[in-house]
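Peer 1: File run_39.cif follows (mmCIF, C-alpha atoms):
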data_coords
loop_
_atom_site.label_atom_id
_atom_site.label_comp_id
_atom_site.auth_asym_id
_atom_site.auth_seq_id
_atom_site.Cartn_x
_atom_site.Cartn_y
_atom_site.Cartn_z
CA LEU A 1 3.86 11.85 10.90
CA ALA A 2 1.29 9.58 12.54
CA LYS A 3 3.22 6.39 13.19
CA THR A 4 1.41 3.10 13.84
CA THR A 5 2.39 0.16 16.03
CA GLN A 6 1.04 -3.33 15.43
CA PRO A 7 1.99 -6.79 16.69
CA ILE A 8 4.57 -8.38 14.41
CA SER A 9 2.68 -11.66 14.20
CA MET A 10 -0.42 -13.49 15.39
CA ASP A 11 -1.63 -17.07 15.18
CA SER A 12 -5.18 -18.38 15.27
CA TYR A 13 -7.32 -21.28 14.13
CA GLU A 14 -10.00 -21.65 11.51
CA GLY A 15 -13.42 -20.52 12.67
CA GLN A 16 -12.08 -18.19 15.36
CA GLU A 17 -12.56 -14.45 15.55
CA VAL A 18 -9.27 -12.57 15.22
CA ASN A 19 -8.69 -9.06 16.55
CA ILE A 20 -5.62 -7.09 15.51
CA THR A 21 -5.00 -3.86 17.39
CA CYS A 22 -3.06 -0.91 16.05
CA SER A 23 -1.77 2.01 18.14
CA HIS A 24 -1.59 5.48 16.61
CA ASN A 25 -1.05 7.91 19.46
CA ASN A 26 -0.24 10.88 17.22
CA ILE A 27 -3.28 10.65 14.97
CA ALA A 28 -4.36 14.03 13.62
CA THR A 29 -7.86 15.40 13.39
CA ASN A 30 -8.07 14.90 9.62
CA ASP A 31 -6.60 11.40 9.60
CA TYR A 32 -8.55 8.32 8.57
CA ILE A 33 -7.64 4.79 9.67
CA THR A 34 -7.36 2.23 6.91
CA TRP A 35 -6.51 -1.47 6.93
CA TYR A 36 -5.04 -3.42 4.02
CA GLN A 37 -4.39 -7.13 3.51
CA GLN A 38 -1.44 -8.43 1.50
CA PHE A 39 -0.72 -11.93 0.25
CA PRO A 40 2.80 -12.93 -0.89
CA SER A 41 3.77 -11.56 -4.30
CA GLN A 42 0.60 -9.48 -4.57
CA GLY A 43 -0.22 -5.83 -4.00
CA PRO A 44 -2.11 -4.82 -0.84
CA ARG A 45 -5.89 -5.05 -0.91
CA PHE A 46 -8.18 -2.58 0.86
CA ILE A 47 -10.18 -4.14 3.70
CA ILE A 48 -11.87 -1.38 5.66
CA GLN A 49 -11.61 2.26 6.64
CA GLY A 50 -13.03 4.40 9.41
CA TYR A 51 -12.80 7.72 11.18
CA LYS A 52 -14.46 7.04 14.52
CA THR A 53 -16.71 4.54 16.34
CA LYS A 54 -17.44 1.32 14.48
CA VAL A 55 -17.47 0.41 10.82
CA THR A 56 -18.54 -2.94 9.42
CA ASN A 57 -18.46 -4.36 5.92
CA GLU A 58 -18.84 -7.83 4.45
CA VAL A 59 -15.36 -8.97 5.48
CA ALA A 60 -14.42 -7.16 8.69
CA SER A 61 -15.28 -4.72 11.43
CA LEU A 62 -13.21 -1.79 12.61
CA PHE A 63 -13.52 -0.52 16.16
CA ILE A 64 -12.21 2.95 16.98
CA PRO A 65 -12.45 4.31 20.53
CA ALA A 66 -13.40 7.90 21.21
CA ASP A 67 -9.80 9.11 21.60
CA ARG A 68 -8.85 7.48 18.24
CA LYS A 69 -5.41 6.60 19.55
CA SER A 70 -5.91 2.98 18.61
CA SER A 71 -8.08 0.83 16.40
CA THR A 72 -8.95 -2.85 16.22
CA LEU A 73 -9.55 -4.84 13.07
CA SER A 74 -11.88 -7.74 13.73
CA LEU A 75 -12.05 -10.69 11.35
CA PRO A 76 -14.98 -13.00 12.14
CA ARG A 77 -14.63 -16.75 11.66
CA VAL A 78 -11.26 -16.76 9.91
CA SER A 79 -10.28 -19.38 7.36
CA LEU A 80 -6.93 -20.58 6.05
CA SER A 81 -7.21 -18.06 3.21
CA ASP A 82 -7.03 -15.20 5.72
CA THR A 83 -3.35 -15.99 6.29
CA ALA A 84 -1.68 -12.78 5.16
CA VAL A 85 0.01 -9.59 6.35
CA TYR A 86 -2.35 -6.90 7.63
CA TYR A 87 -1.35 -3.24 7.58
CA CYS A 88 -2.85 -0.42 9.59
CA LEU A 89 -2.46 3.03 8.02
CA VAL A 90 -3.26 6.44 9.38
CA GLY A 91 -3.37 9.57 7.30
CA ALA A 92 -5.24 12.13 5.30
CA TYR A 93 -5.19 11.38 1.62
CA SER A 94 -4.69 14.99 0.76
CA SER A 95 -1.04 14.29 1.60
CA ALA A 96 -0.16 10.85 0.27
CA SER A 97 3.47 11.02 1.37
CA LYS A 98 2.43 11.12 5.01
CA ILE A 99 0.59 7.79 4.88
CA ILE A 100 2.92 5.14 6.28
CA PHE A 101 2.36 1.40 5.96
CA GLY A 102 4.69 0.15 8.69
CA SER A 103 5.75 -3.49 8.90
CA GLY A 104 2.29 -4.96 9.37
CA THR A 105 1.01 -7.97 11.31
CA ARG A 106 1.68 -11.41 9.89
CA LEU A 107 -1.45 -13.46 10.63
CA SER A 108 -1.19 -17.25 10.41
CA ILE A 109 -4.34 -19.35 10.48
CA ARG A 110 -4.08 -23.05 11.28
CA PRO A 111 -6.59 -25.84 10.61
CA ASP B 1 -10.01 -7.49 -15.73
CA THR B 2 -10.37 -3.78 -15.05
CA GLY B 3 -7.95 -3.56 -12.13
CA VAL B 4 -4.55 -1.91 -11.97
CA SER B 5 -2.02 -3.61 -14.20
CA GLN B 6 1.76 -3.42 -14.17
CA ASP B 7 4.33 -4.47 -16.70
CA PRO B 8 6.65 -6.29 -16.55
CA ARG B 9 5.87 -8.49 -13.54
CA HIS B 10 9.51 -9.43 -13.13
CA LYS B 11 12.74 -7.78 -14.25
CA ILE B 12 16.31 -8.93 -13.80
CA THR B 13 19.02 -6.47 -14.76
CA LYS B 14 22.69 -5.86 -14.24
CA ARG B 15 23.97 -3.07 -12.04
CA GLY B 16 24.31 0.15 -13.98
CA GLN B 17 21.55 -0.57 -16.48
CA ASN B 18 18.40 1.51 -16.82
CA VAL B 19 14.95 -0.01 -16.31
CA THR B 20 11.45 1.28 -16.95
CA PHE B 21 8.21 0.00 -15.46
CA ARG B 22 4.70 0.75 -16.63
CA CYS B 23 1.47 1.08 -14.66
CA ASP B 24 -2.03 1.23 -16.09
CA PRO B 25 -4.48 2.44 -13.44
CA ILE B 26 -8.20 1.78 -13.26
CA SER B 27 -9.55 3.85 -16.13
CA GLU B 28 -11.60 6.47 -14.28
CA HIS B 29 -9.02 6.97 -11.49
CA ASN B 30 -7.21 10.29 -11.62
CA ARG B 31 -4.76 9.58 -8.79
CA LEU B 32 -1.81 7.27 -9.29
CA TYR B 33 0.78 6.26 -6.69
CA TRP B 34 4.13 4.47 -6.81
CA TYR B 35 5.51 2.52 -3.85
CA ARG B 36 8.56 0.39 -3.22
CA GLN B 37 8.47 -2.68 -1.01
CA THR B 38 11.41 -4.70 0.24
CA LEU B 39 11.18 -8.14 1.82
CA GLY B 40 9.48 -8.13 5.22
CA GLN B 41 8.61 -4.45 5.08
CA GLY B 42 5.47 -2.55 4.20
CA PRO B 43 5.26 -0.49 1.02
CA GLU B 44 7.11 2.84 1.10
CA PHE B 45 5.63 5.81 -0.71
CA LEU B 46 7.67 7.10 -3.66
CA THR B 47 5.49 9.55 -5.56
CA TYR B 48 1.96 10.36 -6.62
CA PHE B 49 0.16 12.01 -9.51
CA GLN B 50 -3.16 13.70 -9.82
CA ASN B 51 -3.95 13.49 -13.51
CA GLU B 52 -0.67 14.35 -15.24
CA ALA B 53 0.71 16.48 -12.39
CA GLN B 54 3.26 14.94 -10.05
CA LEU B 55 2.14 16.40 -6.73
CA GLU B 56 4.40 14.71 -4.18
CA LYS B 57 7.75 12.96 -4.18
CA SER B 58 9.39 11.11 -1.33
CA ARG B 59 12.92 11.87 -0.25
CA LEU B 60 13.49 8.18 -1.04
CA LEU B 61 13.18 9.10 -4.70
CA SER B 62 16.78 9.87 -5.63
CA ASP B 63 17.70 11.68 -8.82
CA ARG B 64 18.16 8.28 -10.51
CA PHE B 65 14.41 7.75 -10.27
CA SER B 66 11.92 9.55 -12.48
CA ALA B 67 8.21 9.04 -12.94
CA GLU B 68 5.88 10.39 -15.57
CA ARG B 69 2.22 10.33 -16.35
CA PRO B 70 2.14 12.27 -19.61
CA LYS B 71 -1.54 12.04 -20.51
CA GLY B 72 -2.98 11.46 -17.08
CA SER B 73 -3.57 7.79 -17.81
CA PHE B 74 -0.71 5.27 -17.64
CA SER B 75 2.50 6.05 -15.77
CA THR B 76 6.11 5.00 -16.11
CA LEU B 77 8.79 4.73 -13.44
CA GLU B 78 12.37 4.76 -14.68
CA ILE B 79 15.43 3.89 -12.65
CA GLN B 80 18.74 4.95 -14.16
CA ARG B 81 22.10 3.37 -13.32
CA THR B 82 20.49 0.69 -11.18
CA GLU B 83 22.16 -0.39 -7.97
CA GLN B 84 21.77 -3.62 -6.03
CA GLY B 85 19.90 -1.70 -3.35
CA ASP B 86 17.18 -0.95 -5.89
CA SER B 87 16.11 -4.60 -5.80
CA ALA B 88 12.55 -4.56 -4.53
CA MET B 89 8.91 -4.89 -5.50
CA TYR B 90 7.61 -1.73 -7.17
CA LEU B 91 3.90 -1.27 -6.61
CA CYS B 92 1.48 1.03 -8.35
CA ALA B 93 -1.91 2.04 -6.98
CA SER B 94 -4.73 4.27 -8.14
CA SER B 95 -7.70 5.99 -6.57
CA SER B 96 -10.53 8.22 -7.65
CA THR B 97 -11.28 11.73 -6.43
CA ARG B 98 -14.64 10.55 -5.17
CA ASP B 99 -13.06 7.85 -3.03
CA GLN B 100 -9.46 9.00 -2.67
CA GLU B 101 -8.94 7.21 0.60
CA THR B 102 -9.22 3.79 -1.08
CA GLN B 103 -6.20 2.81 -3.11
CA TYR B 104 -6.34 -0.12 -5.52
CA PHE B 105 -2.99 -1.79 -5.98
CA GLY B 106 -1.54 -3.59 -8.94
CA PRO B 107 0.36 -6.88 -8.69
CA GLY B 108 3.73 -5.14 -8.66
CA THR B 109 6.97 -5.43 -10.63
CA ARG B 110 9.69 -7.39 -8.90
CA LEU B 111 13.14 -6.01 -9.74
CA LEU B 112 16.36 -7.89 -9.15
CA VAL B 113 19.61 -6.04 -9.76
CA LEU B 114 22.62 -8.33 -10.08
#
Show me the file's structure as C-alpha coordinates.

Peer 2:
Amino acid sequence: LAKTTQPISMDSYEGQEVNITCSHNNIATNDYITWYQQFPSQGPRFIIQGYKTKVTNEVASLFIPADRKSSTLSLPRVSLSDTAVYYCLVGAYSSASKIIFGSGTRLSIRP
Amino acid sequence: DTGVSQDPRHKITKRGQNVTFRCDPISEHNRLYWYRQTLGQGPEFLTYFQNEAQLEKSRLLSDRFSAERPKGSFSTLEIQRTEQGDSAMYLCASSSTRDQETQYFGPGTRLLVL
(Lines of atoms letter the chains of each structure in order from A and count residues from 1; the text may use other names and numbers.)
(Lines give C-alpha, C1' and ligand atoms only; values in the text may rest on other atoms or scores of the structure.)
Protein backbone atom coordinates (compact mmCIF):
# COMPACT_ATOMS: atom_id res chain seq x y z
CA LEU A 1 0.00 0.00 0.00
CA ALA A 2 1.29 3.46 -0.91
CA LYS A 3 1.40 5.27 2.42
CA THR A 4 1.54 9.07 2.57
CA THR A 5 3.21 11.35 5.10
CA GLN A 6 2.08 14.92 5.64
CA PRO A 7 2.76 17.54 8.32
CA ILE A 8 0.22 17.28 11.12
CA SER A 9 -0.49 21.00 11.13
CA MET A 10 0.45 24.29 9.50
CA ASP A 11 -0.32 27.93 10.24
CA SER A 12 -0.39 30.87 7.86
CA TYR A 13 -1.94 34.28 7.37
CA GLU A 14 -4.55 35.62 5.01
CA GLY A 15 -3.17 36.57 1.61
CA GLN A 16 -0.16 34.25 1.84
CA GLU A 17 0.63 31.34 -0.43
CA VAL A 18 0.55 28.02 1.42
CA ASN A 19 2.41 24.92 0.27
CA ILE A 20 1.66 21.53 1.82
CA THR A 21 4.03 18.72 0.90
CA CYS A 22 3.14 15.05 0.96
CA SER A 23 5.65 12.19 0.80
CA HIS A 24 4.70 8.94 -0.94
CA ASN A 25 7.89 6.97 -1.43
CA ASN A 26 6.14 3.74 -2.44
CA ILE A 27 3.93 5.21 -5.14
CA ALA A 28 3.15 2.71 -7.90
CA THR A 29 3.19 3.31 -11.63
CA ASN A 30 -0.61 3.35 -11.91
CA ASP A 31 -1.21 5.57 -8.88
CA TYR A 32 -2.68 9.05 -9.10
CA ILE A 33 -2.17 11.73 -6.44
CA THR A 34 -5.32 13.40 -5.17
CA TRP A 35 -5.90 16.11 -2.58
CA TYR A 36 -9.10 16.63 -0.61
CA GLN A 37 -10.21 19.38 1.77
CA GLN A 38 -12.45 18.72 4.77
CA PHE A 39 -14.25 21.16 7.03
CA PRO A 40 -15.58 20.07 10.45
CA SER A 41 -18.75 17.96 10.27
CA GLN A 42 -18.63 17.78 6.47
CA GLY A 43 -17.47 15.17 3.99
CA PRO A 44 -14.17 15.69 2.15
CA ARG A 45 -14.22 17.82 -0.98
CA PHE A 46 -12.04 17.11 -4.03
CA ILE A 47 -9.46 19.83 -4.69
CA ILE A 48 -7.06 18.61 -7.35
CA GLN A 49 -5.52 15.51 -8.87
CA GLY A 50 -2.41 14.79 -10.90
CA TYR A 51 -0.14 12.07 -12.20
CA LYS A 52 3.07 13.94 -12.98
CA THR A 53 4.50 17.45 -13.48
CA LYS A 54 2.16 20.31 -12.66
CA VAL A 55 -1.60 20.62 -12.57
CA THR A 56 -3.50 23.84 -11.94
CA ASN A 57 -7.18 24.55 -11.48
CA GLU A 58 -9.18 27.50 -10.21
CA VAL A 59 -8.40 26.82 -6.54
CA ALA A 60 -4.95 25.22 -6.34
CA SER A 61 -1.84 23.94 -8.05
CA LEU A 62 -0.24 20.55 -7.64
CA PHE A 63 3.47 20.08 -8.21
CA ILE A 64 4.81 16.57 -8.75
CA PRO A 65 8.54 16.00 -9.31
CA ALA A 66 9.80 13.53 -11.87
CA ASP A 67 10.32 10.71 -9.35
CA ARG A 68 6.73 11.17 -8.03
CA LYS A 69 7.83 10.33 -4.50
CA SER A 70 6.34 13.54 -3.20
CA SER A 71 3.84 16.18 -4.20
CA THR A 72 3.09 19.73 -3.11
CA LEU A 73 -0.33 21.32 -2.91
CA SER A 74 -0.11 25.07 -3.40
CA LEU A 75 -2.93 27.34 -2.28
CA PRO A 76 -2.47 30.91 -3.56
CA ARG A 77 -3.55 33.86 -1.42
CA VAL A 78 -5.33 31.91 1.32
CA SER A 79 -8.28 33.30 3.24
CA LEU A 80 -9.81 32.43 6.59
CA SER A 81 -12.21 30.07 4.82
CA ASP A 82 -9.28 27.87 3.77
CA THR A 83 -8.89 26.74 7.38
CA ALA A 84 -9.52 23.01 7.09
CA VAL A 85 -7.87 19.59 7.06
CA TYR A 86 -6.14 18.68 3.79
CA TYR A 87 -5.62 15.05 2.80
CA CYS A 88 -3.16 13.69 0.28
CA LEU A 89 -4.17 10.35 -1.26
CA VAL A 90 -2.26 8.04 -3.54
CA GLY A 91 -3.81 5.17 -5.41
CA ALA A 92 -5.35 3.70 -8.49
CA TYR A 93 -9.10 3.84 -8.41
CA SER A 94 -9.39 0.39 -9.88
CA SER A 95 -8.72 -0.77 -6.31
CA ALA A 96 -10.60 1.53 -3.95
CA SER A 97 -9.54 -0.33 -0.82
CA LYS A 98 -5.92 0.59 -1.42
CA ILE A 99 -6.54 4.34 -1.34
CA ILE A 100 -5.62 5.58 2.13
CA PHE A 101 -6.53 9.00 3.51
CA GLY A 102 -4.07 9.23 6.39
CA SER A 103 -4.46 11.80 9.15
CA GLY A 104 -4.18 14.88 6.96
CA THR A 105 -2.72 18.35 7.57
CA ARG A 106 -4.69 20.74 9.74
CA LEU A 107 -4.24 24.18 8.15
CA SER A 108 -5.07 27.24 10.26
CA ILE A 109 -5.29 30.65 8.62
CA ARG A 110 -5.09 33.75 10.78
CA PRO A 111 -6.16 37.32 9.97
CA ASP B 1 -29.18 20.07 -4.69
CA THR B 2 -27.90 17.19 -6.80
CA GLY B 3 -25.03 16.15 -4.56
CA VAL B 4 -24.65 13.02 -2.46
CA SER B 5 -27.16 12.89 0.36
CA GLN B 6 -27.15 10.79 3.52
CA ASP B 7 -29.86 10.04 6.01
CA PRO B 8 -30.03 10.42 8.94
CA ARG B 9 -27.41 13.08 9.66
CA HIS B 10 -27.20 12.06 13.30
CA LYS B 11 -28.09 8.86 15.14
CA ILE B 12 -27.89 8.07 18.82
CA THR B 13 -28.48 4.47 19.82
CA LYS B 14 -27.92 2.14 22.72
CA ARG B 15 -25.33 -0.59 22.62
CA GLY B 16 -26.74 -3.76 21.11
CA GLN B 17 -29.28 -2.06 18.86
CA ASN B 18 -29.23 -2.26 15.08
CA VAL B 19 -28.92 0.86 12.93
CA THR B 20 -29.29 1.48 9.21
CA PHE B 21 -27.98 4.42 7.21
CA ARG B 22 -28.96 5.43 3.71
CA CYS B 23 -26.92 7.05 0.96
CA ASP B 24 -28.26 8.53 -2.26
CA PRO B 25 -25.40 9.10 -4.72
CA ILE B 26 -25.28 11.59 -7.57
CA SER B 27 -27.76 10.15 -10.04
CA GLU B 28 -25.49 9.21 -12.94
CA HIS B 29 -22.70 7.84 -10.72
CA ASN B 30 -22.32 4.08 -10.85
CA ARG B 31 -19.68 3.79 -8.12
CA LEU B 32 -20.58 4.18 -4.47
CA TYR B 33 -18.22 4.05 -1.49
CA TRP B 34 -18.66 3.83 2.27
CA TYR B 35 -16.07 5.17 4.72
CA ARG B 36 -15.85 5.50 8.47
CA GLN B 37 -14.14 8.44 10.15
CA THR B 38 -13.28 8.81 13.81
CA LEU B 39 -12.26 12.05 15.49
CA GLY B 40 -8.88 13.36 14.35
CA GLN B 41 -8.42 10.66 11.73
CA GLY B 42 -8.94 10.54 8.00
CA PRO B 43 -11.74 8.49 6.48
CA GLU B 44 -11.16 4.72 6.40
CA PHE B 45 -12.45 2.72 3.46
CA LEU B 46 -15.19 0.20 4.29
CA THR B 47 -16.64 -1.02 1.01
CA TYR B 48 -17.51 -0.04 -2.53
CA PHE B 49 -20.07 -0.89 -5.19
CA GLN B 50 -20.06 -0.66 -8.92
CA ASN B 51 -23.72 -0.56 -9.84
CA GLU B 52 -25.34 -3.20 -7.61
CA ALA B 53 -22.20 -5.34 -7.24
CA GLN B 54 -20.18 -5.03 -4.05
CA LEU B 55 -16.65 -5.27 -5.43
CA GLU B 56 -14.44 -4.66 -2.40
CA LYS B 57 -14.77 -4.89 1.36
CA SER B 58 -12.28 -3.78 3.96
CA ARG B 59 -11.14 -6.10 6.71
CA LEU B 60 -12.52 -3.36 8.99
CA LEU B 61 -15.98 -4.46 7.92
CA SER B 62 -16.82 -7.07 10.54
CA ASP B 63 -19.70 -9.50 10.11
CA ARG B 64 -21.91 -7.06 12.06
CA PHE B 65 -21.71 -4.66 9.12
CA SER B 66 -23.56 -5.20 5.88
CA ALA B 67 -24.04 -2.93 2.90
CA GLU B 68 -26.40 -3.23 -0.02
CA ARG B 69 -27.12 -1.40 -3.22
CA PRO B 70 -30.03 -3.43 -4.56
CA LYS B 71 -30.89 -1.48 -7.69
CA GLY B 72 -27.59 0.20 -8.32
CA SER B 73 -28.88 3.53 -7.05
CA PHE B 74 -29.15 4.23 -3.30
CA SER B 75 -27.24 2.16 -0.77
CA THR B 76 -27.79 1.16 2.84
CA LEU B 77 -25.24 0.37 5.52
CA GLU B 78 -26.51 -1.65 8.46
CA ILE B 79 -24.69 -2.21 11.72
CA GLN B 80 -26.06 -5.00 13.89
CA ARG B 81 -25.54 -5.27 17.65
CA THR B 82 -23.83 -1.90 17.82
CA GLU B 83 -20.85 -1.42 20.11
CA GLN B 84 -19.45 1.78 21.57
CA GLY B 85 -16.47 1.45 19.25
CA ASP B 86 -18.81 1.87 16.30
CA SER B 87 -19.30 5.54 17.23
CA ALA B 88 -17.98 7.49 14.27
CA MET B 89 -18.94 9.50 11.22
CA TYR B 90 -20.06 7.27 8.35
CA LEU B 91 -19.38 8.85 4.98
CA CYS B 92 -20.70 7.91 1.58
CA ALA B 93 -19.14 8.96 -1.71
CA SER B 94 -19.88 8.36 -5.35
CA SER B 95 -18.02 8.63 -8.63
CA SER B 96 -18.68 8.04 -12.29
CA THR B 97 -16.91 5.60 -14.58
CA ARG B 98 -15.81 8.49 -16.75
CA ASP B 99 -14.14 10.25 -13.84
CA GLN B 100 -13.66 7.48 -11.29
CA GLU B 101 -10.72 9.16 -9.63
CA THR B 102 -12.92 11.98 -8.31
CA GLN B 103 -15.13 11.01 -5.41
CA TYR B 104 -17.98 13.26 -4.29
CA PHE B 105 -18.75 12.90 -0.61
CA GLY B 106 -21.98 13.30 1.26
CA PRO B 107 -22.28 15.16 4.57
CA GLY B 108 -22.02 11.95 6.60
CA THR B 109 -24.06 10.29 9.33
CA ARG B 110 -22.71 10.79 12.82
CA LEU B 111 -23.37 7.74 15.01
CA LEU B 112 -23.13 7.76 18.78
CA VAL B 113 -23.49 4.46 20.58
CA LEU B 114 -24.22 4.82 24.29

Peer 1: Compile the residues of chain A that lie within 12 Å of chain B, evaluated using all atoms listed in the file, and express the compilation as a PyMOL selection string.

Peer 2: chain A and resi 4+8-9+30-51+85-106

Peer 1: Kindly indicate which residue among A:Gly15, A:Phe63, A:Leu73, A:Lys3 lies nearest to A:Ile109, using all atoms listed in the file for the distances.

Peer 2: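 Counting all atoms listed in the file, the residue closest to A:Ile109 is A:Gly15.
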
Peer 1: Name all residues at most 12 Å from A:Ala66 (count only C-alpha atoms; drop same-chain ones fewer than 6 positions away) and give them as a PyMOL selection string.

Peer 2: chain A and resi 51-54

Peer 1: Here's the selection I'm unsure about, the PyMOL selection byres ((chain B and resi 114) around 12); applied to the file above, which residues does it give, as a list in words?

Peer 2: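 That selection, the PyMOL selection byres ((chain B and resi 114) around 12), comes back as Lys11, Ile12, Thr13, Lys14, Arg15, Gly16, Gln17, Thr82, Glu83, Gln84, Gly85, Asp86, Ser87, Leu111, Leu112 and Val113 of chain B.
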
Peer 1: Please write as a PDB file with C-alpha atoms, in the coordinates of the input the full residue list that the PyMOL selection byres ((chain A and resi 22) around 6) yields on this file.

Peer 2:
ATOM      1  CA  THR A   5       2.390   0.160  16.030  1.00  0.00           C
ATOM      2  CA  GLN A   6       1.040  -3.330  15.430  1.00  0.00           C
ATOM      3  CA  THR A  21      -5.000  -3.860  17.390  1.00  0.00           C
ATOM      4  CA  SER A  23      -1.770   2.010  18.140  1.00  0.00           C
ATOM      5  CA  SER A  70      -5.910   2.980  18.610  1.00  0.00           C
ATOM      6  CA  SER A  71      -8.080   0.830  16.400  1.00  0.00           C
TER       7      SER A  71
END

Peer 1: I would like the residues chosen by the PyMOL selection byres ((chain B and resi 74) around 12) on the shown file; could you give them as a ChimeraX atom specification?

Peer 2: /B:4-7,21-34,49-52,67-73,75-77,92-94

Peer 1: Save stretch 89-102 of chain A from what I just supplied, as a CSV table (one decimal), in the first residue's frame, atoms limited to N, CA and C atoms.

Peer 2:
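And here is the file that came out, out_2.csv:
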chain,number,residue,atom,x,y,z
A,89,LEU,N,-3.9,11.8,-1.0
A,89,LEU,CA,-4.2,10.4,-1.3
A,89,LEU,C,-3.4,9.9,-2.5
A,90,VAL,N,-3.0,8.6,-2.4
A,90,VAL,CA,-2.3,8.0,-3.5
A,90,VAL,C,-2.9,6.7,-3.8
A,91,GLY,N,-3.2,6.5,-5.1
A,91,GLY,CA,-3.8,5.2,-5.4
A,91,GLY,C,-4.4,5.1,-6.8
A,92,ALA,N,-4.7,3.9,-7.2
A,92,ALA,CA,-5.3,3.7,-8.5
A,92,ALA,C,-6.8,3.3,-8.2
A,93,TYR,N,-7.7,4.0,-8.8
A,93,TYR,CA,-9.1,3.8,-8.4
A,93,TYR,C,-9.7,2.5,-8.9
A,94,SER,N,-8.9,1.7,-9.6
A,94,SER,CA,-9.4,0.4,-9.9
A,94,SER,C,-9.4,-0.5,-8.6
A,95,SER,N,-8.7,0.0,-7.6
A,95,SER,CA,-8.7,-0.8,-6.3
A,95,SER,C,-9.0,0.2,-5.2
A,96,ALA,N,-10.2,0.5,-4.9
A,96,ALA,CA,-10.6,1.5,-4.0
A,96,ALA,C,-10.1,1.3,-2.6
A,97,SER,N,-10.0,0.0,-2.2
A,97,SER,CA,-9.5,-0.3,-0.8
A,97,SER,C,-8.1,0.1,-0.6
A,98,LYS,N,-7.3,0.3,-1.6
A,98,LYS,CA,-5.9,0.6,-1.4
A,98,LYS,C,-5.7,2.1,-1.4
A,99,ILE,N,-6.7,2.9,-1.4
A,99,ILE,CA,-6.5,4.3,-1.3
A,99,ILE,C,-6.7,4.7,0.1
A,100,ILE,N,-5.6,5.3,0.7
A,100,ILE,CA,-5.6,5.6,2.1
A,100,ILE,C,-5.6,7.1,2.4
A,101,PHE,N,-6.5,7.6,3.2
A,101,PHE,CA,-6.5,9.0,3.5
A,101,PHE,C,-5.4,9.5,4.4
A,102,GLY,N,-5.0,8.7,5.4
A,102,GLY,CA,-4.1,9.2,6.4
A,102,GLY,C,-4.7,10.2,7.3
